[in-house]
Structures are given as structure tokens and as C-alpha cells.
$ cat entry_16.cif   # mmCIF, C-alpha atoms
data_data
loop_
_atom_site.label_atom_id
_atom_site.label_comp_id
_atom_site.auth_asym_id
_atom_site.auth_seq_id
_atom_site.Cartn_x
_atom_site.Cartn_y
_atom_site.Cartn_z
CA MET A 37 41.88 18.38 16.94
CA LYS A 38 39.36 18.34 14.14
CA ASN A 39 39.57 15.67 11.49
CA SER A 40 40.63 17.59 8.38
CA HIS A 41 40.16 14.55 6.18
CA TRP A 42 36.36 14.53 6.44
CA ASP A 43 34.94 15.10 2.99
CA ILE A 44 31.84 17.16 3.79
CA PHE A 45 30.83 17.44 0.14
CA GLY A 46 31.15 13.73 -0.53
CA GLU A 47 29.23 12.90 2.64
CA VAL A 48 26.38 15.27 1.75
CA LYS A 49 26.09 14.07 -1.84
CA GLU A 50 26.16 10.43 -0.71
CA THR A 51 23.47 10.98 1.92
CA VAL A 52 21.01 13.51 0.46
CA SER A 53 19.46 13.01 -2.97
CA VAL A 54 18.62 16.02 -5.13
CA PRO A 55 14.82 15.34 -5.12
CA SER A 56 14.85 14.95 -1.31
CA ALA A 57 16.53 18.31 -0.82
CA ALA A 58 14.31 20.04 -3.41
CA GLU A 59 11.09 18.82 -1.73
CA TYR A 60 12.44 19.53 1.76
CA TYR A 61 13.18 23.14 0.78
CA GLY A 62 9.72 23.67 -0.68
CA MET A 63 10.27 23.20 -4.41
CA SER A 64 7.30 21.78 -6.27
CA VAL A 65 8.40 18.46 -7.81
CA ARG A 66 6.17 16.38 -10.06
CA ASN A 67 7.35 13.27 -11.89
CA GLY A 68 10.93 14.33 -11.19
CA MET A 69 10.48 17.72 -12.87
CA THR A 70 10.47 21.21 -11.37
CA THR A 71 10.77 24.82 -12.52
CA CYS A 72 14.38 25.87 -13.01
CA ILE A 73 15.82 28.26 -10.41
CA PHE A 74 18.68 29.34 -12.67
CA HIS A 75 16.53 31.13 -15.27
CA GLU A 76 13.00 32.48 -15.66
CA ASP A 77 11.07 29.26 -16.20
CA ARG A 78 7.31 29.24 -16.85
CA ASN A 79 7.04 25.48 -17.37
CA PRO A 80 9.00 22.86 -15.40
CA SER A 81 12.16 22.19 -17.40
CA MET A 82 14.58 21.02 -14.70
CA LYS A 83 14.92 17.27 -14.27
CA LEU A 84 15.92 16.03 -10.81
CA TYR A 85 17.95 12.85 -10.63
CA ASP A 86 19.18 11.24 -7.42
CA ASP A 87 22.74 12.55 -7.76
CA HIS A 88 22.34 15.60 -10.01
CA PHE A 89 19.96 17.97 -11.78
CA TYR A 90 19.81 19.13 -15.39
CA CYS A 91 17.77 21.92 -16.97
CA PHE A 92 16.61 21.29 -20.51
CA GLY A 93 15.96 25.00 -20.93
CA CYS A 94 19.23 26.68 -19.88
CA THR A 95 21.38 23.47 -19.74
CA GLU A 96 22.39 24.22 -16.12
CA TYR A 97 23.84 21.15 -14.40
CA GLY A 98 24.89 20.42 -10.84
CA ASP A 99 24.60 18.43 -7.63
CA VAL A 100 22.60 18.83 -4.41
CA VAL A 101 25.12 21.31 -2.96
CA LYS A 102 24.93 23.60 -6.00
CA LEU A 103 21.12 23.46 -5.91
CA THR A 104 21.02 24.42 -2.22
CA ALA A 105 23.57 27.18 -2.71
CA ARG A 106 21.46 28.71 -5.48
CA LEU A 107 18.24 28.46 -3.45
CA PHE A 108 19.62 30.30 -0.42
CA GLY A 109 22.36 32.45 -1.96
CA LEU A 110 25.15 30.61 -0.12
CA SER A 111 28.64 29.53 -0.98
CA GLN A 112 29.24 25.87 -1.78
CA TYR A 113 30.73 25.23 1.66
CA GLU A 114 27.92 27.09 3.47
CA ALA A 115 25.35 25.11 1.45
CA ALA A 116 27.04 21.83 2.39
CA LYS A 117 26.97 22.81 6.08
CA LYS A 118 23.29 23.74 5.81
CA LEU A 119 22.49 20.33 4.30
CA CYS A 120 24.40 18.65 7.13
CA SER A 121 22.39 20.61 9.69
CA ASP A 122 19.00 20.09 8.04
CA PHE A 123 19.43 16.38 7.29
CA GLY A 124 21.18 15.40 10.51
CA ILE A 125 24.56 14.51 8.98
CA ILE A 126 27.07 14.44 11.83
CA HIS A 127 30.80 13.88 11.50
CA SER A 128 31.49 11.26 14.13
CA ARG A 129 32.27 7.60 14.52
CA ASP A 130 28.55 6.97 14.23
CA LYS A 131 28.03 8.80 10.92
CA PRO A 132 27.54 5.59 8.86
CA ILE A 133 24.67 4.63 11.19
CA ILE A 134 23.25 8.15 11.02
CA ARG A 135 23.43 8.07 7.21
CA GLN A 136 21.72 4.70 7.17
CA LYS A 137 18.87 5.96 9.36
CA ILE A 138 18.36 8.98 7.09
CA CYS A 139 18.29 6.78 3.98
CA VAL A 140 15.81 4.35 5.57
CA GLN A 141 13.53 7.21 6.63
CA SER A 142 13.74 8.79 3.17
CA GLN A 143 12.92 5.47 1.52
CA ARG A 144 9.94 4.92 3.82
CA GLU A 145 8.59 8.40 3.01
CA LYS A 146 8.86 7.61 -0.72
CA GLU A 147 7.05 4.31 -0.23
CA GLN A 148 4.25 5.97 1.72
CA ARG A 149 3.85 8.62 -0.97
CA VAL A 150 3.69 5.98 -3.73
CA PHE A 151 1.23 3.92 -1.69
CA ARG A 152 -1.06 6.93 -1.23
CA ILE A 153 -1.04 7.58 -4.99
CA LEU A 154 -1.83 3.94 -5.76
CA SER A 155 -4.59 3.87 -3.13
CA ASP A 156 -6.16 7.04 -4.49
CA TYR A 157 -6.17 5.61 -8.01
CA CYS A 158 -7.73 2.34 -6.77
CA SER A 159 -10.45 4.34 -4.98
CA LEU A 160 -11.09 6.24 -8.20
CA LEU A 161 -11.39 3.00 -10.17
CA ARG A 162 -13.84 1.58 -7.61
CA ARG A 163 -15.93 4.75 -7.97
CA PHE A 164 -15.89 4.32 -11.76
CA ARG A 165 -17.10 0.75 -11.21
CA THR A 166 -20.20 2.02 -9.42
CA GLU A 167 -20.98 5.31 -11.16
CA TYR A 168 -20.47 4.13 -14.74
CA ALA A 169 -21.80 0.57 -14.44
CA PRO A 170 -24.24 -0.30 -17.28
CA LYS A 171 -27.90 -0.16 -16.30
CA SER A 172 -28.84 -2.90 -18.78
CA ASP A 173 -27.18 -5.64 -20.80
CA SER A 174 -27.73 -3.72 -24.05
CA GLU A 175 -26.07 -0.51 -22.83
CA THR A 176 -22.63 0.29 -24.26
CA LEU A 177 -19.86 0.09 -21.67
CA HIS A 178 -18.51 3.47 -20.58
CA PRO A 179 -14.71 3.84 -21.11
CA LEU A 180 -14.17 4.62 -17.41
CA PHE A 181 -16.10 1.49 -16.42
CA THR A 182 -13.95 -0.55 -18.81
CA GLU A 183 -10.84 1.06 -17.33
CA SER A 184 -11.90 -0.03 -13.85
CA LEU A 185 -12.41 -3.61 -15.08
CA THR A 186 -9.00 -3.80 -16.75
CA GLN A 187 -6.85 -1.79 -14.32
CA LEU A 188 -8.18 -2.27 -10.79
CA GLU A 189 -6.85 -5.78 -10.23
CA MET A 190 -3.32 -4.80 -11.30
CA TYR A 191 -3.18 -1.67 -9.13
CA GLU A 192 -4.65 -3.48 -6.12
CA HIS A 193 -1.81 -5.94 -6.54
CA PHE A 194 0.65 -3.04 -6.47
CA CYS A 195 -0.95 -1.88 -3.21
CA ASP A 196 -0.62 -5.39 -1.79
CA VAL A 197 3.12 -5.24 -2.45
CA PHE A 198 3.33 -2.39 0.07
CA ILE A 199 0.81 -3.89 2.49
CA LYS A 200 2.72 -7.17 2.70
CA LYS A 201 6.17 -5.57 2.72
CA GLU A 202 8.33 -6.67 5.64
CA ASN A 203 10.98 -4.49 7.19
CA ASN A 204 13.28 -6.29 9.66
CA GLY A 205 10.53 -8.77 10.47
CA VAL A 206 7.89 -6.11 11.12
CA VAL A 207 4.99 -6.05 8.67
CA THR A 208 4.32 -2.58 7.29
CA THR A 209 0.57 -2.32 6.81
CA TYR A 210 0.19 1.43 6.04
CA GLY A 211 -3.05 1.62 8.04
CA LYS A 212 -4.72 -1.57 6.82
CA ARG A 213 -6.26 -3.63 9.63
CA ASN A 214 -6.37 -7.40 9.63
CA SER A 215 -9.87 -8.87 9.91
CA THR A 216 -10.81 -10.93 12.97
CA ASP A 217 -13.62 -12.74 11.12
CA ILE A 218 -12.91 -16.48 11.12
CA TRP A 219 -14.58 -17.14 7.76
CA LEU A 220 -12.64 -14.37 6.00
CA LYS A 221 -9.44 -15.96 7.26
CA LYS A 222 -10.39 -19.50 6.28
CA MET A 223 -12.42 -19.23 3.06
CA LYS A 224 -11.04 -19.11 -0.45
CA CYS A 225 -13.17 -18.93 -3.59
CA SER A 226 -12.77 -21.56 -6.31
CA CYS A 227 -11.38 -18.80 -8.57
CA GLY A 228 -8.61 -18.17 -6.02
CA ALA A 229 -9.91 -14.87 -4.63
CA ASN A 230 -10.69 -13.97 -1.03
CA PHE A 231 -14.16 -13.09 0.23
CA ARG A 232 -15.63 -9.82 1.44
CA LYS A 233 -18.09 -9.67 4.33
CA ASN A 234 -21.20 -7.61 3.52
CA LYS A 235 -24.02 -6.60 5.85
CA TRP A 236 -27.04 -8.31 4.33
CA ARG A 237 -30.12 -7.57 6.40
CA LYS A 238 -31.58 -7.76 9.93
CA ASN A 239 -33.51 -10.80 11.08
CA LYS A 240 -36.70 -10.82 13.16
CA ARG A 241 -34.72 -10.52 16.40
CA GLY A 242 -33.00 -7.40 15.09
CA ASP A 243 -29.63 -9.11 14.68
CA SER A 244 -27.59 -8.27 11.59
CA ALA A 245 -27.16 -11.02 9.01
CA TYR A 246 -24.04 -11.07 6.86
CA GLY A 247 -23.10 -12.53 3.52
CA TYR A 248 -19.72 -13.37 2.00
CA GLN A 249 -19.06 -12.34 -1.58
CA CYS A 250 -16.16 -13.25 -3.87
CA TYR A 251 -13.82 -10.28 -4.28
CA ASN A 252 -13.28 -11.07 -7.95
CA GLN A 253 -17.00 -10.69 -8.63
CA LEU A 254 -17.23 -7.57 -6.53
CA ASN A 255 -14.33 -5.81 -8.25
CA TYR A 256 -14.33 -7.22 -11.78
CA GLY A 257 -17.76 -8.73 -12.39
CA SER A 258 -18.95 -12.33 -12.50
CA LYS A 259 -17.82 -14.79 -15.15
CA SER A 260 -21.19 -14.63 -16.97
CA PHE A 261 -21.18 -10.81 -16.91
CA ARG A 262 -17.66 -10.63 -18.35
CA GLU A 263 -18.48 -13.22 -21.01
CA LYS A 264 -21.57 -11.26 -22.05
CA ASN A 265 -19.48 -8.10 -22.46
CA GLY A 266 -16.62 -9.73 -24.36
CA LEU A 267 -14.11 -9.59 -21.48
CA ASP A 268 -11.61 -12.21 -20.36
CA THR A 269 -13.29 -14.91 -18.20
CA GLU A 270 -10.27 -16.94 -17.12
CA GLY A 271 -9.92 -16.95 -13.33
CA TYR A 272 -13.45 -15.65 -12.66
CA CYS A 273 -16.53 -17.37 -11.20
CA ASP A 274 -20.32 -17.22 -10.80
CA ILE A 275 -20.46 -18.29 -7.15
CA ARG A 276 -23.34 -16.71 -5.25
CA MET A 277 -23.04 -14.82 -1.99
CA VAL A 278 -22.93 -17.17 1.02
CA SER A 279 -24.85 -16.27 4.19
CA ASP A 280 -23.13 -16.48 7.57
CA TRP A 281 -25.82 -18.64 9.19
CA LYS A 282 -25.34 -21.32 6.52
CA LEU A 283 -21.62 -21.39 7.19
CA ASP A 284 -22.19 -21.62 10.95
CA LEU A 285 -24.75 -24.43 10.48
CA MET A 286 -22.41 -26.31 8.17
CA ALA A 287 -19.54 -26.01 10.66
CA LYS A 288 -21.76 -27.19 13.53
CA THR A 289 -22.96 -30.19 11.50
CA VAL A 290 -19.46 -31.23 10.51
CA LEU A 291 -18.19 -30.79 14.08
CA SER A 292 -21.00 -32.93 15.51
CA GLU A 293 -20.12 -35.71 13.07
CA ILE A 294 -16.40 -35.83 13.74
CA TRP A 295 -16.56 -35.05 17.50
CA GLN A 296 -19.19 -37.32 18.99
CA ASN A 297 -17.68 -37.79 22.45
CA ARG A 298 -17.53 -34.11 23.30
CA LYS A 299 -18.67 -34.39 26.92
CA GLU A 300 -16.14 -37.10 27.79
CA ASP A 301 -13.31 -35.28 26.03
CA VAL A 302 -14.06 -32.01 27.81
CA LEU A 303 -14.14 -33.77 31.23
CA ASP A 304 -10.82 -35.48 30.46
CA ASP A 305 -9.28 -32.17 29.49
CA PHE A 306 -10.61 -30.53 32.64
CA GLU A 307 -9.09 -33.23 34.83
CA MET A 308 -5.77 -32.88 33.01
CA VAL A 309 -5.75 -29.12 33.59
CA LYS A 310 -6.42 -29.60 37.32
CA LYS A 311 -3.69 -32.22 37.55
CA TYR A 312 -0.95 -30.13 35.99
CA ALA A 313 -2.12 -26.91 37.67
CA LEU A 314 -1.29 -28.47 41.04
CA LEU A 315 2.27 -29.43 40.04
#
$ encode --input "entry_16.cif" --output "C-alpha cells"
Amino acid sequence: MKNSHWDIFGEVKETVSVPSAAEYYGMSVRNGMTTCIFHEDRNPSMKLYDDHFYCFGCTEYGDVVKLTARLFGLSQYEAAKKLCSDFGIIHSRDKPIIRQKICVQSQREKEQRVFRILSDYCSLLRRFRTEYAPKSDSETLHPLFTESLTQLEMYEHFCDVFIKKENNGVVTTYGKRNSTDIWLKKMKCSCGANFRKNKWRKNKRGDSAYGYQCYNQLNYGSKSFREKNGLDTEGYCDIRMVSDWKLDLMAKTVLSEIWQNRKEDVLDDFEMVKKYALL
């Protein structure tokens, strides 16, 4: 016997948001606005909220079921059944779990879309940094170059919010790979920023030499540059790029000073490994 107490309309409206259904069915949605399907609309005048829509042109109002019914010429009940079918809403003992999975997937899709927009804007700002950089100290700063100086740090932080987001203990990286370079993991600039590894040149043997540059300088300019152009200098530095061979030499020198009995220690460790390997 079927459960007659199942509220199909309530379940649909609780599970499927209006913007999710509109985008799924091919409506063009931008900043929560779309062209109204209830009257001839040249400019987007319908606002989509999570639980309802409202048209500022014809004052039409309704929920996700009414929107779907209008799109496909269905009755309210037929539209509700279509939403159940398309969004995987099943009337069973497991429906709360099913609803939760749909909501999690929908939220992840929203996050990925926002992250792509933020990433695209950051890429645009980095391009402004290069293309519109002043060629001399006397040149007037281009507005797009100034925008990159003032906005890039904030929007990179927004991207980091997504990159570092954890979901049930699993880090969501959205395609960003962690570096395996030991110096990038260990070093921190005096201004608090991380370093970027740049390919510097090739030595006489043909091996590539690398340098490490402060990210703050790379993205926002050095302290002296910002001071010269009347920009905020707090939290910025003038540290020069550091070559990889200097870091390696420094590490080797320090290690030789603090670990003078290397041969004896290695032999002791080797004997210990043999001893416990035989147990």
C-alpha cells in the first residue's frame, strides 16, 4: 500500500532550489536574474531566490513547482513528479539521505562555479600587473595596474578559502597541486609571505638554476616600489631573490656543524636496523 501521507510538493520544495532547477532546465541565470517566462521579457526581470521567484515586470510569483510547470506546460502535480525524477528524489526510508546527497552535490557545484569565477578574476589581475606595469618611475600608474595592486591579494585570499576547505576530513583542492620542493615548504619571508620558485638560468653544466622570490613582491611590488608610488607599505619587504645553490650550501654548512659524528651515527643506526630486522 502506498504511503498517502508523503508530501511530494513539500519534499520537492525542500530539496530543489529555484536557481538549481532553472539552470538545470537551461534557463540563463546571471546574478540571480533571468528573463521572465510568464510575459514577453527583453531584459532579465525575474529574480530567483532559493525558495521562490518574483518578476519585477509582471509581478508573477511562485515556487520551483510553478516554475517547472510553466516551462514544460505541465500541471502542478506533473511538474512535482518531473522534479522528483530529474533530481533523484525518491520516496523511501532513505529519502533524507538522498536529499542530503543532492544538497551536498548542489553546494559543491556552486562552490566550484564561484571558485572558477574568482580564479578567472585573479588571472585577469595578474595579466594587468604585467601588461600595464609602468615602464619608468615617472610614468603615471594605469588604473588597471592600480586595480591589480589593490585587489589581487584580497581575491587570492578568497581563492585560498576554497583551496583549504575541508569536507569530512578530505581537503578540497580544486586542481591545485602541493609542491614537493623542500624550500617552498620550509621558507617564510620576513613579511609573512611564502616564496615562489623561478627558473633562473642554466649553469655551465647545462643544469637549471632556480631562485626563490617573495610572493608579496611578485604580486604587489616591493616595499620601495610601493613607497615610491604612494601605496601602503605595511607588510611588504625588499628582500632579494635567493638562489637555490646558496640555500643548499647554507644547509650543508649548518648540518656539518651540528652533526659532526655522522659516520659513527650512521653505523650505529645500521646495526640497530639489522638487530631489529632479525627479531
$ resolve_selection --input "entry_16.cif" --expression "the PyMOL selection byres ((chain A and resi 80) around 9)" --output "number ranges by chain"
A: 65-66, 69-72, 77-79, 81-83, 91
$ residues_around --input "entry_16.cif" --residues "A:Gln187" --least-positions-apart "5" --cutoff "10 Å" --atoms "only C-alpha atoms" --output "ChimeraX atom specification"
/A:157-158,161,182,192,256
$ residues_around --input "entry_16.cif" --residues "stretch 249-253 of chain A" --least-positions-apart "6" --cutoff "12 Å" --atoms "all atoms listed in the file" --output "ChimeraX atom specification"
/A:165,185,188-189,192,219-220,223-236,259-262,269-280
$ resolve_selection --input "entry_16.cif" --expression "the PyMOL selection byres ((chain A and resi 120) around 12)" --output "VMD selection string"
chain A and resid 43 to 52 57 100 to 101 104 113 to 119 121 to 127 131 134 to 135 138
$ atom_distance --input "entry_16.cif" --atom1 "atom CA of A:Ser258" --atom2 "atom CA of A:Val197"
25.3 Å
$ build_atoms --input "entry_16.cif" --residues "stretch 263-282 of chain A" --atoms "N, CA and C atoms" --output "JSON list (two decimals), in the frame of the given file"
[["chain", "number", "residue", "atom", "x", "y", "z"],
["A", 263, "GLU", "N", -18.30, -12.52, -19.74],
["A", 263, "GLU", "CA", -18.48, -13.22, -21.01],
["A", 263, "GLU", "C", -19.47, -12.48, -21.90],
["A", 264, "LYS", "N", -20.53, -11.97, -21.30],
["A", 264, "LYS", "CA", -21.57, -11.26, -22.05],
["A", 264, "LYS", "C", -21.02, -9.97, -22.65],
["A", 265, "ASN", "N", -20.03, -9.37, -21.99],
["A", 265, "ASN", "CA", -19.48, -8.10, -22.46],
["A", 265, "ASN", "C", -18.14, -8.26, -23.20],
["A", 266, "GLY", "N", -17.81, -9.49, -23.55],
["A", 266, "GLY", "CA", -16.62, -9.73, -24.36],
["A", 266, "GLY", "C", -15.31, -9.55, -23.62],
["A", 267, "LEU", "N", -15.32, -9.74, -22.28],
["A", 267, "LEU", "CA", -14.11, -9.59, -21.48],
["A", 267, "LEU", "C", -13.54, -10.96, -21.14],
["A", 268, "ASP", "N", -12.28, -10.96, -20.73],
["A", 268, "ASP", "CA", -11.61, -12.21, -20.36],
["A", 268, "ASP", "C", -12.33, -12.88, -19.18],
["A", 269, "THR", "N", -12.56, -14.19, -19.26],
["A", 269, "THR", "CA", -13.29, -14.91, -18.20],
["A", 269, "THR", "C", -12.40, -15.86, -17.41],
["A", 270, "GLU", "N", -11.15, -16.00, -17.81],
["A", 270, "GLU", "CA", -10.27, -16.94, -17.12],
["A", 270, "GLU", "C", -9.96, -16.45, -15.71],
["A", 271, "GLY", "N", -10.17, -17.32, -14.71],
["A", 271, "GLY", "CA", -9.92, -16.95, -13.33],
["A", 271, "GLY", "C", -11.08, -16.27, -12.64],
["A", 272, "TYR", "N", -12.27, -16.29, -13.24],
["A", 272, "TYR", "CA", -13.45, -15.65, -12.66],
["A", 272, "TYR", "C", -14.54, -16.69, -12.43],
["A", 273, "CYS", "N", -15.53, -16.38, -11.60],
["A", 273, "CYS", "CA", -16.53, -17.37, -11.20],
["A", 273, "CYS", "C", -17.92, -16.75, -11.16],
["A", 274, "ASP", "N", -18.92, -17.64, -10.93],
["A", 274, "ASP", "CA", -20.32, -17.22, -10.80],
["A", 274, "ASP", "C", -20.89, -17.63, -9.45],
["A", 275, "ILE", "N", -20.02, -17.83, -8.46],
["A", 275, "ILE", "CA", -20.46, -18.29, -7.15],
["A", 275, "ILE", "C", -21.32, -17.22, -6.47],
["A", 276, "ARG", "N", -22.44, -17.65, -5.91],
["A", 276, "ARG", "CA", -23.34, -16.71, -5.25],
["A", 276, "ARG", "C", -22.83, -16.34, -3.86],
["A", 277, "MET", "N", -23.38, -15.24, -3.34],
["A", 277, "MET", "CA", -23.04, -14.82, -1.99],
["A", 277, "MET", "C", -23.49, -15.87, -0.98],
["A", 278, "VAL", "N", -22.64, -16.15, 0.00],
["A", 278, "VAL", "CA", -22.93, -17.17, 1.02],
["A", 278, "VAL", "C", -23.30, -16.48, 2.33],
["A", 279, "SER", "N", -24.41, -16.89, 2.93],
["A", 279, "SER", "CA", -24.85, -16.27, 4.19],
["A", 279, "SER", "C", -24.08, -16.85, 5.37],
["A", 280, "ASP", "N", -23.91, -16.04, 6.41],
["A", 280, "ASP", "CA", -23.13, -16.48, 7.57],
["A", 280, "ASP", "C", -23.79, -17.60, 8.35],
["A", 281, "TRP", "N", -25.15, -17.61, 8.41],
["A", 281, "TRP", "CA", -25.82, -18.64, 9.19],
["A", 281, "TRP", "C", -25.66, -20.01, 8.52],
["A", 282, "LYS", "N", -25.56, -20.04, 7.20],
["A", 282, "LYS", "CA", -25.34, -21.32, 6.52],
["A", 282, "LYS", "C", -23.94, -21.86, 6.83]]
